[in-house]
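K.L.:
This is the structure I have questions about; it appears just below.
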Amino acid sequence: MNNRVDISTEVNEISKTLGSIPFINVFTVDANYFPSLAHVTIAKIYEEDSLNNFSVPDGYFESLAGNIITKIHALENDVAVELKGISSLVAGIENKETYTVSEGYFNNITFLNNNRKSAKVIAINKTRLFFKYAAAAVITGLLGLSIVNIVDRNNPQTTIKTTVETITGATKPNTVLMNGSFDEALQNVSDNEIEQYLQKSGHDVNAALVASSTDDVEKLPEATDYLLDENVLENYLKENNLKN
Amino acid sequence: MPLPQDDIELLMQFKDPATKERAFTAILKKYQEKLYWHIRRMVVEHEDANDVLQNMFVKAWKGLENFREDSQLYTWLYRIATNESLTFLEQQKKRSTFSMSDEESGLSNKIKADTNFDGNKLEWKLQLAVQKLPEKQKAVFNLRYFEEMPYAQISTVLETSEGALKASYHHAVKKIEHYILNN
């Protein structure tokens with residue numbers, strides 16, 4: 001009661017308006033609420049307790065993080081788990097080696113002799129890659145005498161004669177021309193002689209080899225292939241056994 | 001200030017597993033009404049007050065084992081009750097589709113929805129005015145005006161200095177006066 005008087009006096013000093021308001025509790029509650037409240041509250045306490053009343057082994061939470069990380073790593077490296085995720089049928093097949101080898105195979109195994117003769121390699125002038133195909137076509141015309149456009153219109157016979165003499169070393173070029181025996185004459189010319197001629201005259205030897213190797217122009221690599229891959233000519237020569 | 005003898009005995013009994021439940025029931029019955037009304041004036045609706053009160057006692061059950069007895073038991077209980085009420089109001093504010101400024105009108109509407117509400121009566125206007133106060137200031141006013149709690153104990157409950165509490169209470173009374181005079 002003293003407290004109430006003190007509070008009322010204090011409020012009156014601050015606000016007479018508030019001090020004049022009767023001290024009445026405007027809120028109400030059911031008459032049975034408080035008598036049963038203790039019982040209901042204890043029941044709620046035990047309900048909450050039972051939800052949290054499970055025990056765990058000592059040190060469980062301390063080691064939990066480490067155990068989980070270990071399991072994650074194990075799963076990541078587990079091929080069997082991975083396979084099962086893709087196909088349970090394949091995963092069900094027993095992983096057993098089916099192939100066999102004779103006894104002592106791995107003990108007696110010997111390796112192949114790696115001493116090979118180094119092949120003669122004629123360096124390809126890479127700066128001329130683009131023109132290889134064109135050079136091959138020109139050389140084909142020269143060797144096979146199938147293109148006559150290089151003929152000097154003023155002295156057609158002289159040009160052909162000079163070319164044939166140079167290539168074949170024939171002393172009677174006219175005879176060759178007249179007889180149409182160029183190919184036959186060419187058979188008497190060695191590869192070295194042809195190679196030396198081409199190198200001397202600045203022709204691309206590889207291109208010439210390509211041209212000489214085929215009658216079918218369609219088998220030759222495409223012009224664009226040379227642009228995409230600098231090893232096209234070399235690969236073609238190897239494939240057609242034109243390079244040692 | 002030493003604990004009342006009955007509170008000391010109840011705390012000792014609480015620490016004994018054989019008498020723990022009986023002691024807590026006794027504490028419950030001793031303080032339940034005062035704590036209920038304090039919570040009710042904060043949250044207005046009975047259902048909300050009932051929820052907050054039970055949550056508050058569950059926390060008290062868990063924390064009473066570690067009660068240091070450096071304050072009064074009922075002051076400690078009031079602190080839990082006030083914090084639970086403020087937390088509840090904060091959660092209501094977040095869940096509400098109303099803006100913060102309308103939160104007060106939400107509680108005001110709950111007061112007006114009371115079957116006994118009479119807007120002409122000053123005591124109802126007082127309640128409407130109290131709901132306009134900021135939450136912590138409302139707690140200061142309620143603890144002082146309705147619970148008749150000394151400033152020293154309010155200071156323990158709200159962990160605020162007595163000087164700040166007196167200033168806050170003074171401003172609260174002035175705001176309520178202004179509301180009543182203008183409504």
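Residue numbering restarts at 1 in every chain; chains get A, B, ... in the order shown in the structure tokens, and ligands count up from 1 in that same order.
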Give the residues of chain B that lie within 7 Å of chain A; count only C-alpha atoms, and format the answer as number ranges by chain.

P.N.:
B: 25, 28-29, 54, 58, 122-124, 145, 148, 170, 173-174, 177

K.L.:
Take the residues from that selection and write them out as a CSV table (one decimal), in the first residue's frame, keeping N, CA and C atoms.

P.N.:
```csv
chain,number,residue,atom,x,y,z
B,25,THR,N,7.2,-26.0,-8.6
B,25,THR,CA,5.7,-25.8,-8.6
B,25,THR,C,5.4,-24.7,-7.6
B,28,LEU,N,6.4,-21.4,-8.9
B,28,LEU,CA,5.5,-21.1,-10.0
B,28,LEU,C,4.2,-20.4,-9.4
B,29,LYS,N,3.7,-21.1,-8.4
B,29,LYS,CA,2.4,-20.6,-7.8
B,29,LYS,C,2.6,-19.3,-7.1
B,54,GLN,N,4.6,-19.3,-20.3
B,54,GLN,CA,5.1,-20.7,-20.2
B,54,GLN,C,6.5,-20.8,-20.7
B,58,VAL,N,9.7,-22.2,-18.6
B,58,VAL,CA,10.6,-23.3,-19.1
B,58,VAL,C,12.1,-22.8,-19.0
B,122,LEU,N,-11.1,6.4,-18.7
B,122,LEU,CA,-9.7,6.8,-18.7
B,122,LEU,C,-8.8,5.7,-18.6
B,123,GLU,N,-9.2,4.6,-17.8
B,123,GLU,CA,-8.3,3.5,-17.7
B,123,GLU,C,-8.0,2.8,-19.0
B,124,TRP,N,-9.0,2.8,-19.9
B,124,TRP,CA,-8.8,2.2,-21.2
B,124,TRP,C,-8.0,3.1,-22.1
B,145,TYR,N,4.8,1.8,-12.7
B,145,TYR,CA,3.4,2.3,-12.4
B,145,TYR,C,2.5,1.1,-12.0
B,148,GLU,N,4.8,-1.4,-9.4
B,148,GLU,CA,5.2,-0.7,-8.2
B,148,GLU,C,6.6,-1.1,-7.8
B,170,HIS,N,9.7,9.5,-16.6
B,170,HIS,CA,9.2,10.9,-16.6
B,170,HIS,C,8.7,11.2,-18.0
B,173,VAL,N,5.4,9.3,-18.8
B,173,VAL,CA,4.2,9.9,-18.2
B,173,VAL,C,3.7,11.1,-19.0
B,174,LYS,N,4.7,11.8,-19.5
B,174,LYS,CA,4.4,13.1,-20.2
B,174,LYS,C,3.7,12.7,-21.6
B,177,GLU,N,0.2,11.5,-20.9
B,177,GLU,CA,-0.7,12.7,-20.6
B,177,GLU,C,-1.1,13.4,-21.9
```

K.L.:
With only C-alpha atoms as the counted atoms, please give the residues lying no more than 10 Å from B:Ile39, apart from itself and same-chain residues fewer than 4 positions off, as a PyMOL selection string.

P.N.:
chain B and resi 33-35+43-46+48-53+56+78+81-86+139+142

K.L.:
For B:Tyr31, which of B:Ile8, B:Val130, B:Leu3, B:Leu77 is the closest residue, counting only C-alpha atoms?

P.N.:
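Smallest separation from B:Tyr31 among the options: B:Leu77.
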
K.L.:
To one decimal place in Å, what is the distance between atom CA of B:Ile180 and atom CA of B:Pro134?

P.N.:
16.9 Å

K.L.:
Using Å and a single decimal, report how far atom CA of B:Lys132 sits from atom CA of B:Ala167.

P.N.:
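About the pair atom CA of B:Ala167 and atom CA of B:Lys132: they are 17.6 Å apart.
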
K.L.:
Can you pull out the residues contacting A:Val81? Cut-off 12 Å, using only C-alpha atoms, and skip same-chain residues under 5 positions away; I want them as a ChimeraX atom specification.

P.N.:
/A:72,74-76,86-88,90-92

K.L.:
With only C-alpha atoms as the counted atoms, please give the residues lying no more than 10 Å from stretch 19-21 of chain B, apart from itself and same-chain residues fewer than 6 positions off, as a ChimeraX atom specification.

P.N.:
/A:42 /B:10-13,27,61
